[in-house]
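protein_7.txt follows; it contains compact mmCIF, C-alpha atoms.
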# COMPACT_ATOMS: atom_id res chain seq x y z
CA MET A 131 196.94 58.12 150.27
CA TRP A 132 194.68 57.77 147.20
CA SER A 133 194.03 54.10 147.90
CA VAL A 134 192.80 54.90 151.40
CA SER A 135 189.05 54.49 151.89
CA ASP A 136 186.88 57.57 152.36
CA GLU A 137 186.13 56.50 155.92
CA ALA A 138 189.81 56.10 156.79
CA LEU A 139 190.57 59.45 155.22
CA LEU A 140 187.87 61.09 157.29
CA ALA A 141 189.26 59.46 160.44
CA GLY A 142 192.70 60.86 159.53
CA LEU A 143 191.11 64.26 159.06
CA ALA A 144 189.49 64.02 162.50
CA SER A 145 192.80 63.22 164.14
CA GLY A 146 194.42 66.28 162.55
CA GLU A 147 196.80 64.60 160.08
CA SER A 148 197.75 67.26 157.54
CA ASP A 149 198.31 64.70 154.75
CA ALA A 150 194.78 63.45 155.32
CA ALA A 151 193.41 67.00 155.03
CA VAL A 152 195.14 67.51 151.66
CA ALA A 153 193.99 64.14 150.33
CA PHE A 154 190.46 64.68 151.60
CA ILE A 155 190.19 68.08 149.89
CA ARG A 156 191.59 66.70 146.62
CA ARG A 157 189.24 63.75 146.66
CA PHE A 158 186.03 65.66 147.26
CA GLN A 159 186.56 69.25 146.09
CA ARG A 160 185.19 68.76 142.55
CA ARG A 161 182.10 67.05 143.85
CA VAL A 162 181.40 69.58 146.63
CA TYR A 163 182.16 72.62 144.48
CA GLY A 164 180.18 71.12 141.57
CA LEU A 165 177.07 70.70 143.71
CA ALA A 166 177.39 74.21 145.18
CA MET A 167 177.90 75.66 141.70
CA THR A 168 174.88 73.77 140.37
CA ILE A 169 172.67 75.20 143.11
CA LEU A 170 174.09 78.73 143.26
CA ASN A 171 175.36 79.38 139.71
CA ASP A 172 177.90 81.84 141.14
CA SER A 173 181.55 80.81 141.46
CA ALA A 174 182.41 83.05 144.45
CA ALA A 175 179.35 81.94 146.43
CA ALA A 176 179.97 78.30 145.44
CA GLU A 177 183.58 78.53 146.64
CA ASP A 178 182.40 79.95 150.01
CA VAL A 179 180.00 77.04 150.40
CA ALA A 180 182.61 74.47 149.32
CA GLN A 181 185.17 75.90 151.76
CA GLU A 182 182.67 75.93 154.62
CA THR A 183 181.58 72.35 153.80
CA LEU A 184 185.15 71.04 153.97
CA ALA A 185 185.83 73.04 157.16
CA ARG A 186 182.71 71.59 158.77
CA ALA A 187 183.69 68.07 157.72
CA TRP A 188 187.04 68.68 159.39
CA ARG A 189 185.41 70.08 162.55
CA HIS A 190 182.76 67.38 162.78
CA ALA A 191 184.54 64.36 161.28
CA GLY A 192 184.06 62.53 164.57
CA ALA A 193 180.27 62.77 164.22
CA TYR A 194 180.16 60.88 160.90
CA ASP A 195 178.23 57.63 161.23
CA PRO A 196 178.96 55.13 158.41
CA ARG A 197 175.62 53.38 159.02
CA ARG A 198 173.88 56.42 157.61
CA GLY A 199 175.56 56.33 154.22
CA PRO A 200 178.82 56.95 152.34
CA VAL A 201 181.16 59.80 153.27
CA ALA A 202 180.44 61.51 149.93
CA THR A 203 176.72 61.60 150.67
CA TRP A 204 177.29 63.00 154.16
CA LEU A 205 179.54 65.70 152.76
CA LEU A 206 177.15 66.60 149.96
CA THR A 207 174.23 66.86 152.38
CA ILE A 208 176.23 69.49 154.30
CA ALA A 209 177.06 71.30 151.04
CA ARG A 210 173.45 71.21 149.88
CA ASN A 211 172.14 72.69 153.14
CA LEU A 212 174.74 75.46 153.13
CA ALA A 213 174.04 76.26 149.46
CA ILE A 214 170.29 76.42 150.09
CA ASP A 215 170.89 78.77 153.04
CA ALA A 216 172.99 80.99 150.76
CA LEU A 217 170.32 80.79 148.07
CA ARG A 218 167.62 81.89 150.50
CA LEU A 219 169.73 84.87 151.59
CA ARG A 220 169.84 85.96 147.95
CA ARG A 221 166.04 85.80 148.07
CA ALA A 222 164.12 85.78 144.83
CA ASP A 223 166.74 84.56 142.35
CA PRO A 224 165.00 82.10 140.08
CA VAL A 225 166.51 78.66 139.65
CA ASP A 226 169.03 78.73 136.81
CA PRO A 227 167.25 76.97 133.93
CA THR A 228 170.49 75.57 132.47
CA ALA A 229 171.50 73.97 135.76
CA LEU A 230 168.01 72.62 136.26
CA ALA A 231 167.98 71.13 132.77
CA SER A 232 171.39 69.55 133.28
CA LEU A 233 170.25 67.98 136.56
CA GLN A 234 167.11 66.66 134.98
CA GLY A 235 168.96 65.27 132.02
CA ILE A 236 171.82 63.82 134.04
CA SER A 237 173.30 61.61 131.40
CA ALA A 238 176.84 60.86 132.50
CA GLU A 239 176.87 57.22 133.48
CA ALA A 240 179.05 56.46 136.49
CA GLY A 241 182.15 54.44 135.52
CA PRO A 242 183.57 51.62 137.67
CA GLU A 243 185.88 53.94 139.62
CA GLU A 244 183.05 56.34 140.23
CA ARG A 245 180.82 53.50 141.36
CA ALA A 246 183.46 52.53 143.93
CA VAL A 247 183.32 56.03 145.42
CA VAL A 248 179.59 56.62 145.45
CA GLY A 249 178.29 53.07 145.74
CA ASP A 250 175.59 51.29 143.77
CA ASP A 251 172.88 53.61 145.06
CA ALA A 252 173.98 56.33 142.65
CA HIS A 253 173.61 54.03 139.63
CA ARG A 254 170.14 52.89 140.70
CA LEU A 255 169.00 56.40 141.50
CA HIS A 256 170.36 57.66 138.21
CA GLU A 257 168.31 55.08 136.33
CA ALA A 258 165.21 55.74 138.41
CA LEU A 259 165.50 59.51 137.99
CA ARG A 260 165.76 59.17 134.21
CA ALA A 261 162.71 56.93 134.11
CA LEU A 262 160.49 59.46 135.93
CA PRO A 263 157.86 61.44 134.00
CA GLU A 264 159.24 64.92 133.36
CA ASP A 265 156.86 66.76 135.71
CA GLN A 266 157.76 64.47 138.63
CA ARG A 267 161.49 64.70 137.88
CA ARG A 268 161.32 68.47 137.80
CA ALA A 269 159.46 68.67 141.13
CA LEU A 270 161.92 66.26 142.71
CA VAL A 271 164.99 68.15 141.47
CA LEU A 272 163.58 71.47 142.73
CA ALA A 273 162.97 69.92 146.15
CA ALA A 274 166.13 67.80 146.51
CA PHE A 275 168.69 70.24 145.13
CA TYR A 276 167.13 73.66 145.63
CA GLY A 277 165.23 73.00 148.87
CA GLN A 278 161.96 74.27 147.40
CA THR A 279 158.88 73.37 149.44
CA ALA A 280 155.77 71.90 147.85
CA ARG A 281 154.14 75.33 148.10
CA GLU A 282 157.06 77.02 146.31
CA ILE A 283 157.06 74.36 143.61
CA GLY A 284 153.31 74.83 143.19
CA GLU A 285 153.81 78.56 142.72
CA SER A 286 156.78 78.32 140.33
CA GLU A 287 155.20 75.55 138.26
CA ASN A 288 151.78 77.16 138.41
CA ILE A 289 150.08 74.03 139.77
CA PRO A 290 147.92 73.47 142.89
CA LEU A 291 149.71 72.61 146.16
CA GLY A 292 148.13 69.15 146.19
CA THR A 293 149.50 68.39 142.72
CA ALA A 294 153.00 69.49 143.74
CA LYS A 295 152.85 67.22 146.80
CA THR A 296 151.62 64.30 144.70
CA ARG A 297 154.44 64.71 142.16
CA ILE A 298 157.10 64.84 144.90
CA ARG A 299 155.61 61.83 146.67
CA ALA A 300 155.26 59.74 143.52
CA ALA A 301 158.85 60.48 142.48
CA MET A 302 160.27 59.68 145.92
CA ILE A 303 158.39 56.40 146.15
CA LYS A 304 159.82 55.30 142.79
CA LEU A 305 163.36 56.24 143.83
CA ARG A 306 163.00 54.48 147.13
CA GLY A 307 161.65 51.44 145.26
CA SER A 308 164.73 51.35 143.02
CA LEU A 309 166.96 51.01 146.09
CA GLN A 310 164.64 48.43 147.61
CA MET A 311 164.99 46.34 144.41
CA GLU A 312 168.74 46.49 144.77
CA ASP A 313 168.55 45.29 148.38
CA ASP A 314 166.20 42.46 147.39
CA GLU A 315 168.55 41.35 144.60
CA ARG A 316 171.42 41.31 147.06
CA GLU A 317 169.52 39.01 149.37
CA LEU A 318 168.73 36.52 146.58
CA MET B 228 149.43 50.26 159.81
CA ASN B 229 147.02 52.52 161.71
CA GLU B 230 145.50 55.89 160.75
CA SER B 231 148.37 57.80 162.34
CA CYS B 232 150.85 55.75 160.24
CA LYS B 233 148.88 56.44 157.05
CA GLU B 234 148.83 60.15 157.75
CA THR B 235 152.56 60.19 158.53
CA ARG B 236 153.50 58.17 155.42
CA GLU B 237 152.01 60.95 153.30
CA LEU B 238 154.46 63.40 154.89
CA LEU B 239 157.60 61.25 154.86
CA PRO B 240 158.80 62.00 151.27
CA GLU B 241 158.86 65.74 152.01
CA LEU B 242 160.41 65.13 155.43
CA ALA B 243 163.18 63.04 153.83
CA LEU B 244 163.87 65.85 151.35
CA GLY B 245 164.09 68.36 154.22
CA ILE B 246 161.30 70.55 152.83
CA LEU B 247 158.52 69.83 155.33
CA GLY B 248 157.88 72.74 157.65
CA GLY B 249 156.24 73.75 160.90
CA GLU B 250 153.27 71.90 162.19
CA GLU B 251 153.38 68.98 159.71
CA ARG B 252 157.01 68.34 160.57
CA ALA B 253 156.25 68.37 164.31
CA ARG B 254 153.32 65.99 163.78
CA ALA B 255 155.47 63.59 161.78
CA PHE B 256 158.24 63.56 164.39
CA ASP B 257 155.72 63.02 167.15
CA HIS B 258 154.54 59.84 165.39
CA LEU B 259 158.08 58.74 164.48
CA THR B 260 159.17 58.63 168.13
CA ARG B 261 156.52 55.95 168.65
CA CYS B 262 156.66 53.98 165.39
CA ALA B 263 159.65 51.91 164.31
CA ASP B 264 158.08 50.97 160.94
CA CYS B 265 157.58 54.56 159.88
CA SER B 266 161.08 55.43 161.14
CA SER B 267 162.63 52.78 158.90
CA GLU B 268 160.51 54.00 155.98
CA LEU B 269 161.89 57.50 156.61
CA ALA B 270 165.43 56.09 156.67
CA ALA B 271 164.86 54.42 153.27
CA LEU B 272 163.43 57.60 151.75
CA SER B 273 166.27 59.68 153.21
CA ARG B 274 168.80 57.32 151.65
CA ALA B 275 167.18 57.99 148.26
CA ALA B 276 166.91 61.77 148.80
CA ASP B 277 170.51 62.16 150.01
CA GLY B 278 171.83 59.73 147.39
CA LEU B 279 170.52 61.99 144.63
CA LEU B 280 173.10 64.65 145.49
CA ILE B 281 175.86 62.42 144.13
CA LEU B 282 174.33 62.84 140.67
CA ALA B 283 175.12 66.57 140.49
CA PRO B 284 177.81 67.37 137.92
CA GLN B 285 181.34 67.76 139.26
CA ASP B 286 183.25 70.96 138.59
CA GLU B 287 186.83 72.17 139.02
CA PRO B 288 187.03 74.85 141.76
CA PRO B 289 188.90 78.10 141.00
CA ALA B 290 192.73 78.03 141.09
CA GLY B 291 194.17 78.12 144.60
CA PHE B 292 191.08 76.59 146.22
CA GLU B 293 193.00 73.82 147.96
CA ASP B 294 195.50 76.29 149.48
CA ARG B 295 192.70 78.55 150.68
CA VAL B 296 190.90 75.66 152.40
CA LEU B 297 194.12 74.47 154.05
CA ALA B 298 194.90 78.01 155.24
CA ARG B 299 191.41 78.22 156.71
CA LEU B 300 191.80 74.91 158.55
CA ARG B 301 195.10 76.13 159.98
CA ARG B 302 193.44 79.37 161.14
CA GLU B 303 190.56 77.51 162.76
CA ARG B 304 192.66 74.90 164.50
CA PRO B 305 193.22 76.81 167.78
CA LYS B 306 189.48 77.64 168.05
CA HIS B 307 188.62 74.01 167.34
CA ARG B 308 190.86 72.81 170.12
CA ALA B 309 189.56 75.43 172.52
CA ARG B 310 186.01 74.28 171.87
CA ARG B 311 186.92 70.67 172.61
CA LEU B 312 188.62 71.73 175.82
CA MET B 313 185.55 73.74 176.82
CA THR B 314 183.31 70.73 176.28
CA PHE B 315 185.66 68.65 178.37
CA ALA B 316 185.72 71.38 181.02
CA ALA B 317 181.91 71.36 181.15
CA ALA B 318 181.89 67.60 181.76
CA ALA B 319 184.65 67.91 184.34
CA ALA B 320 182.82 70.71 186.14
CA LEU B 321 179.71 68.58 186.15
CA ILE B 322 181.47 65.69 187.79
CA ALA B 323 182.96 68.12 190.33
CA ILE B 324 179.43 69.25 191.19
CA VAL B 325 178.34 65.66 191.73
CA ALA B 326 181.29 65.07 193.97
CA GLY B 327 180.05 67.84 196.21
CA GLY B 328 182.64 70.41 195.30
CA ALA B 329 185.60 68.11 194.92
CA VAL B 330 188.07 69.39 192.34
CA TRP B 331 188.83 67.27 189.30
CA VAL B 332 192.56 67.25 188.73
CA GLY B 333 192.68 65.72 185.33
CA THR B 334 196.23 65.18 184.16
CA SER B 335 195.59 61.45 184.06
CA GLN B 336 191.93 60.81 183.38
CA ASP B 337 192.06 57.07 183.57
CA ARG B 338 193.89 56.84 186.86
CA ARG B 339 191.74 55.06 189.43
CA PHE B 340 188.73 56.02 187.33
CA GLY B 341 186.61 53.02 188.35
CA SER B 342 186.79 53.66 192.06
CA TYR B 343 186.47 57.39 191.53
CA TYR B 344 183.30 56.82 189.51
CA GLN B 345 181.90 54.62 192.27
CA ARG B 346 182.62 57.26 194.91
CA ILE B 347 180.92 59.95 192.83
CA LEU B 348 177.84 57.83 192.33
CA ALA B 349 177.62 57.05 196.03
CA ILE B 350 177.36 60.71 196.98
CA GLN B 351 173.80 61.02 195.69
CA HIS B 352 172.78 57.35 196.03
CA GLY B 353 173.44 57.03 192.33
CA THR B 354 173.50 53.96 190.16
CA GLU B 355 174.55 55.47 186.85
CA LEU B 356 176.09 58.49 185.18
CA ALA B 357 175.51 58.24 181.41
CA ALA B 358 176.08 60.47 178.41
CA ALA B 359 174.62 61.14 174.99
CA GLN B 360 176.40 62.80 172.09
CA LEU B 361 173.90 65.20 170.58
CA GLU B 362 173.82 65.73 166.85
CA THR B 363 171.89 67.93 164.46
CA THR B 364 169.46 66.55 161.89
CA ASP B 365 172.37 66.95 159.42
CA HIS B 366 174.37 64.54 161.57
CA LEU B 367 176.75 67.21 162.82
CA ALA B 368 178.02 67.13 166.41
CA GLY B 369 175.93 69.55 168.46
CA GLY B 370 176.70 69.01 172.13
CA GLU B 371 176.35 66.54 174.96
CA ALA B 372 173.81 65.46 177.52
CA PHE B 373 174.73 63.86 180.85
CA THR B 374 172.16 61.89 182.82
CA TYR B 375 172.42 60.84 186.44
CA GLN B 376 170.27 58.16 188.05
CA GLY B 377 170.21 58.77 191.78
CA ARG B 378 168.34 60.55 194.55
CA PRO B 379 167.75 63.00 193.10
CA SER B 380 168.23 62.15 189.42
CA TRP B 381 169.36 64.96 187.18
CA LEU B 382 170.27 65.99 183.68
CA PHE B 383 172.84 68.40 182.29
CA VAL B 384 172.82 69.47 178.65
CA VAL B 385 175.50 71.42 176.77
CA VAL B 386 174.71 72.67 173.26
CA THR B 387 177.28 73.92 170.77
CA ALA B 388 175.46 73.94 167.44
CA PRO B 389 174.60 76.46 164.74
CA VAL B 390 170.91 76.72 165.63
CA GLY B 391 168.83 79.87 165.93
CA ASP B 392 168.68 81.88 169.15
CA GLY B 393 165.75 81.01 171.39
CA VAL B 394 164.35 78.73 174.06
CA TYR B 395 164.07 75.02 173.23
CA ASP B 396 162.49 72.11 175.07
CA ILE B 397 164.58 69.19 176.26
CA VAL B 398 162.65 65.97 175.81
CA GLY B 399 163.57 62.45 176.88
CA THR B 400 162.25 59.27 175.31
CA VAL B 401 161.22 56.70 177.93
CA ARG B 402 160.07 53.39 176.46
CA GLY B 403 158.88 55.18 173.33
CA THR B 404 157.06 57.98 175.15
CA ALA B 405 158.26 61.57 175.07
CA VAL B 406 158.77 63.21 178.49
CA ARG B 407 159.61 66.91 178.83
CA LEU B 408 162.66 67.28 181.07
CA GLY B 409 163.50 70.97 180.89
CA ALA B 410 164.13 73.99 178.68
CA ILE B 411 167.37 75.42 177.34
CA ARG B 412 168.15 78.91 176.08
CA ILE B 413 170.49 78.89 173.09
CA ALA B 414 172.22 82.09 171.99
CA HIS B 415 174.93 82.38 169.33
CA GLY B 416 174.97 78.61 168.96
CA ARG B 417 175.65 77.95 172.64
CA GLY B 418 173.59 77.05 175.66
CA ASP B 419 173.57 74.86 178.76
CA TRP B 420 170.96 73.68 181.18
CA GLY B 421 170.94 71.42 184.20
CA GLY B 422 168.36 70.42 186.76
CA THR B 423 166.98 67.65 188.91
CA THR B 424 164.08 65.53 187.64
CA SER B 425 161.63 62.97 188.92
CA THR B 426 161.98 61.03 185.64
CA GLU B 427 163.93 57.79 185.97
CA MET B 428 167.02 58.77 184.00
CA LYS B 429 168.16 55.17 183.63
CA SER B 430 165.10 54.57 181.43
CA VAL B 431 165.73 57.52 179.13
CA ASP B 432 166.89 56.10 175.79
CA GLU B 433 167.18 59.32 173.84
CA ILE B 434 167.54 63.02 174.56
CA ARG B 435 166.07 65.46 172.06
CA VAL B 436 166.19 69.24 171.83
CA VAL B 437 163.09 70.52 170.04
CA THR B 438 161.58 73.90 169.20
CA ARG B 439 158.48 75.05 171.04
CA THR B 440 156.45 73.75 168.07
CA GLY B 441 158.05 70.33 168.42
CA GLN B 442 160.51 70.55 165.53
CA LEU B 443 163.58 68.39 166.12
CA VAL B 444 166.86 70.32 166.38
CA LEU B 445 169.27 67.97 168.16
CA HIS B 446 169.09 64.41 169.36
CA GLY B 447 171.33 61.74 170.82
CA THR B 448 171.13 58.19 172.13
CA VAL B 449 171.97 57.77 175.82
CA ARG B 450 174.73 55.23 176.26
CA HIS B 451 173.78 53.37 179.42
CA ASN B 452 176.13 51.08 181.35

Starting from the coordinates I provided, produce the structure as structure tokens.
Amino acid sequence: MWSVSDEALLAGLASGESDAAVAFIRRFQRRVYGLAMTILNDSAAAEDVAQETLARAWRHAGAYDPRRGPVATWLLTIARNLAIDALRLRRADPVDPTALASLQGISAEAGPEERAVVGDDAHRLHEALRALPEDQRRALVLAAFYGQTAREIGESENIPLGTAKTRIRAAMIKLRGSLQMEDDEREL
Amino acid sequence: MNESCKETRELLPELALGILGGEERARAFDHLTRCADCSSELAALSRAADGLLILAPQDEPPAGFEDRVLARLRRERPKHRARRLMTFAAAAALIAIVAGGAVWVGTSQDRRFGSYYQRILAIQHGTELAAAQLETTDHLAGGEAFTYQGRPSWLFVVVTAPVGDGVYDIVGTVRGTAVRLGAIRIAHGRGDWGGTTSTEMKSVDEIRVVTRTGQLVLHGTVRHN
């Protein structure tokens, strides 16, 4: 079952195969729980989000469209949205500085096996994120992982709204450019 | 690139990150329905924004996590099936309406389906019955839309998605232009709406469910014959 592709595993999940459900959970639980824990910094809340994410993947497996990206990305987008909803319910908890620092300083380089799971995008994005100026990286991480709007980032960073928007935009354009470079290299 | 493109491009990074709200979001989507270049730019930015999530550190869930998830899936299974059956029942009921009250006896769906389909279409001078699978902006399944090209043409929309209670507009895209087709009330994640329309349903490429401020909630491509 471990050699089965993510897409095939998801198809098995959709058709109700119990082996596929076990394998799917084992393959993605660390990633889903890790993201939820990073955002929420609370193991009970992170487990709720991780459980709901896997249950939704099971319910909606038929809606996954491989043209829109890898299974892992699809799953993590669901987890991120659920975690942000949970975060907003908790209202004014500040972003955990340790988690934020670890996201900004993401240093673990993806190994070959990891690359096979997440694709080359992750490697390129990792490099591009590290190369960003710190203020842009911080704004991007607050937006991408914690769902903070430009206005919220402006308030928490004590900068004007326009500056927050500029930082987010500049960071995103560089990240997008790193993927574009990869596509161009592929075509050569 | 025109002025509208330039203005939209400024908004796309925030839209891709899912942090753009209200009026700006509605304005961006309004432009995106008409501009393929900006839509592909949004797709590229979204790939970058979503791809970032992979970089979060992994972590071992608490002991027993796998068993708890499996138990939950087992608990939810009957509900899941029931929901699928209800969706099927809605489509079946719809076809029964088209057939002028004929009852759909569906133990063997495929049996004589071609001729049955032709007979149904003929009842209202129809040329096509088409469907769109609706999905949320998070790419989750969110319902179905059925379109009928005939005299009269009509549309039937079923929503089963975790969206807020309220009244939403149903909008069709005809050759890149948005046309309002109706309104749907959604409560507790469920809603349905059907009605006749003077819009040529065969030309509707996409069905969208949007908030009254134009924010996209659900959308789906109509699969024509």

Next item on the list: Please indicate the distance in Å from CA of Gly403 (chain B) to CA of Gly447 (chain B), rounded to one decimal place.
Entry: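 Taking CA of Gly403 (chain B) and CA of Gly447 (chain B), their separation equals 14.3 Å.
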
Which residues come within 12 Å of Leu309 (chain A), counting all atoms listed in the file, excluding same-chain residues fewer than 5 positions away, as a CSV table (one decimal) with C-alpha atoms, keeping the file's coordinate frame?
chain,number,residue,atom,x,y,z
A,249,GLY,CA,178.3,53.1,145.7
A,250,ASP,CA,175.6,51.3,143.8
A,251,ASP,CA,172.9,53.6,145.1
A,252,ALA,CA,174.0,56.3,142.6
A,253,HIS,CA,173.6,54.0,139.6
A,254,ARG,CA,170.1,52.9,140.7
A,255,LEU,CA,169.0,56.4,141.5
A,256,HIS,CA,170.4,57.7,138.2
A,257,GLU,CA,168.3,55.1,136.3
A,258,ALA,CA,165.2,55.7,138.4
A,259,LEU,CA,165.5,59.5,138.0
A,302,MET,CA,160.3,59.7,145.9
A,303,ILE,CA,158.4,56.4,146.2
A,304,LYS,CA,159.8,55.3,142.8
A,314,ASP,CA,166.2,42.5,147.4
A,315,GLU,CA,168.6,41.4,144.6
A,316,ARG,CA,171.4,41.3,147.1
B,270,ALA,CA,165.4,56.1,156.7
B,271,ALA,CA,164.9,54.4,153.3
B,272,LEU,CA,163.4,57.6,151.8
B,273,SER,CA,166.3,59.7,153.2
B,274,ARG,CA,168.8,57.3,151.6
B,275,ALA,CA,167.2,58.0,148.3
B,276,ALA,CA,166.9,61.8,148.8
B,278,GLY,CA,171.8,59.7,147.4
B,279,LEU,CA,170.5,62.0,144.6

Check every residue of chain B for an atom within 7 Å of chain A, counting only C-alpha atoms, and provide those that qualify as a tab-separated table (two decimals) with C-alpha atoms, in the frame of the given file.
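Heads up, here's the output in iface.tsv:
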chain	number	residue	atom	x	y	z
B	240	PRO	CA	158.80	62.00	151.27
B	244	LEU	CA	163.87	65.85	151.35
B	246	ILE	CA	161.30	70.55	152.83
B	247	LEU	CA	158.52	69.83	155.33
B	271	ALA	CA	164.86	54.42	153.27
B	272	LEU	CA	163.43	57.60	151.75
B	275	ALA	CA	167.18	57.99	148.26
B	276	ALA	CA	166.91	61.77	148.80
B	277	ASP	CA	170.51	62.16	150.01
B	278	GLY	CA	171.83	59.73	147.39
B	279	LEU	CA	170.52	61.99	144.63
B	280	LEU	CA	173.10	64.65	145.49
B	281	ILE	CA	175.86	62.42	144.13
B	282	LEU	CA	174.33	62.84	140.67
B	283	ALA	CA	175.12	66.57	140.49
B	284	PRO	CA	177.81	67.37	137.92
B	285	GLN	CA	181.34	67.76	139.26
B	286	ASP	CA	183.25	70.96	138.59
B	287	GLU	CA	186.83	72.17	139.02
B	288	PRO	CA	187.03	74.85	141.76
B	293	GLU	CA	193.00	73.82	147.96
B	296	VAL	CA	190.90	75.66	152.40
B	300	LEU	CA	191.80	74.91	158.55
B	307	HIS	CA	188.62	74.01	167.34
B	365	ASP	CA	172.37	66.95	159.42
B	366	HIS	CA	174.37	64.54	161.57
B	367	LEU	CA	176.75	67.21	162.82
B	368	ALA	CA	178.02	67.13	166.41

Checklist line | Separation of CA of Glu237 (chain B) from CA of Asp257 (chain B) in Å | finding: 14.5 Å
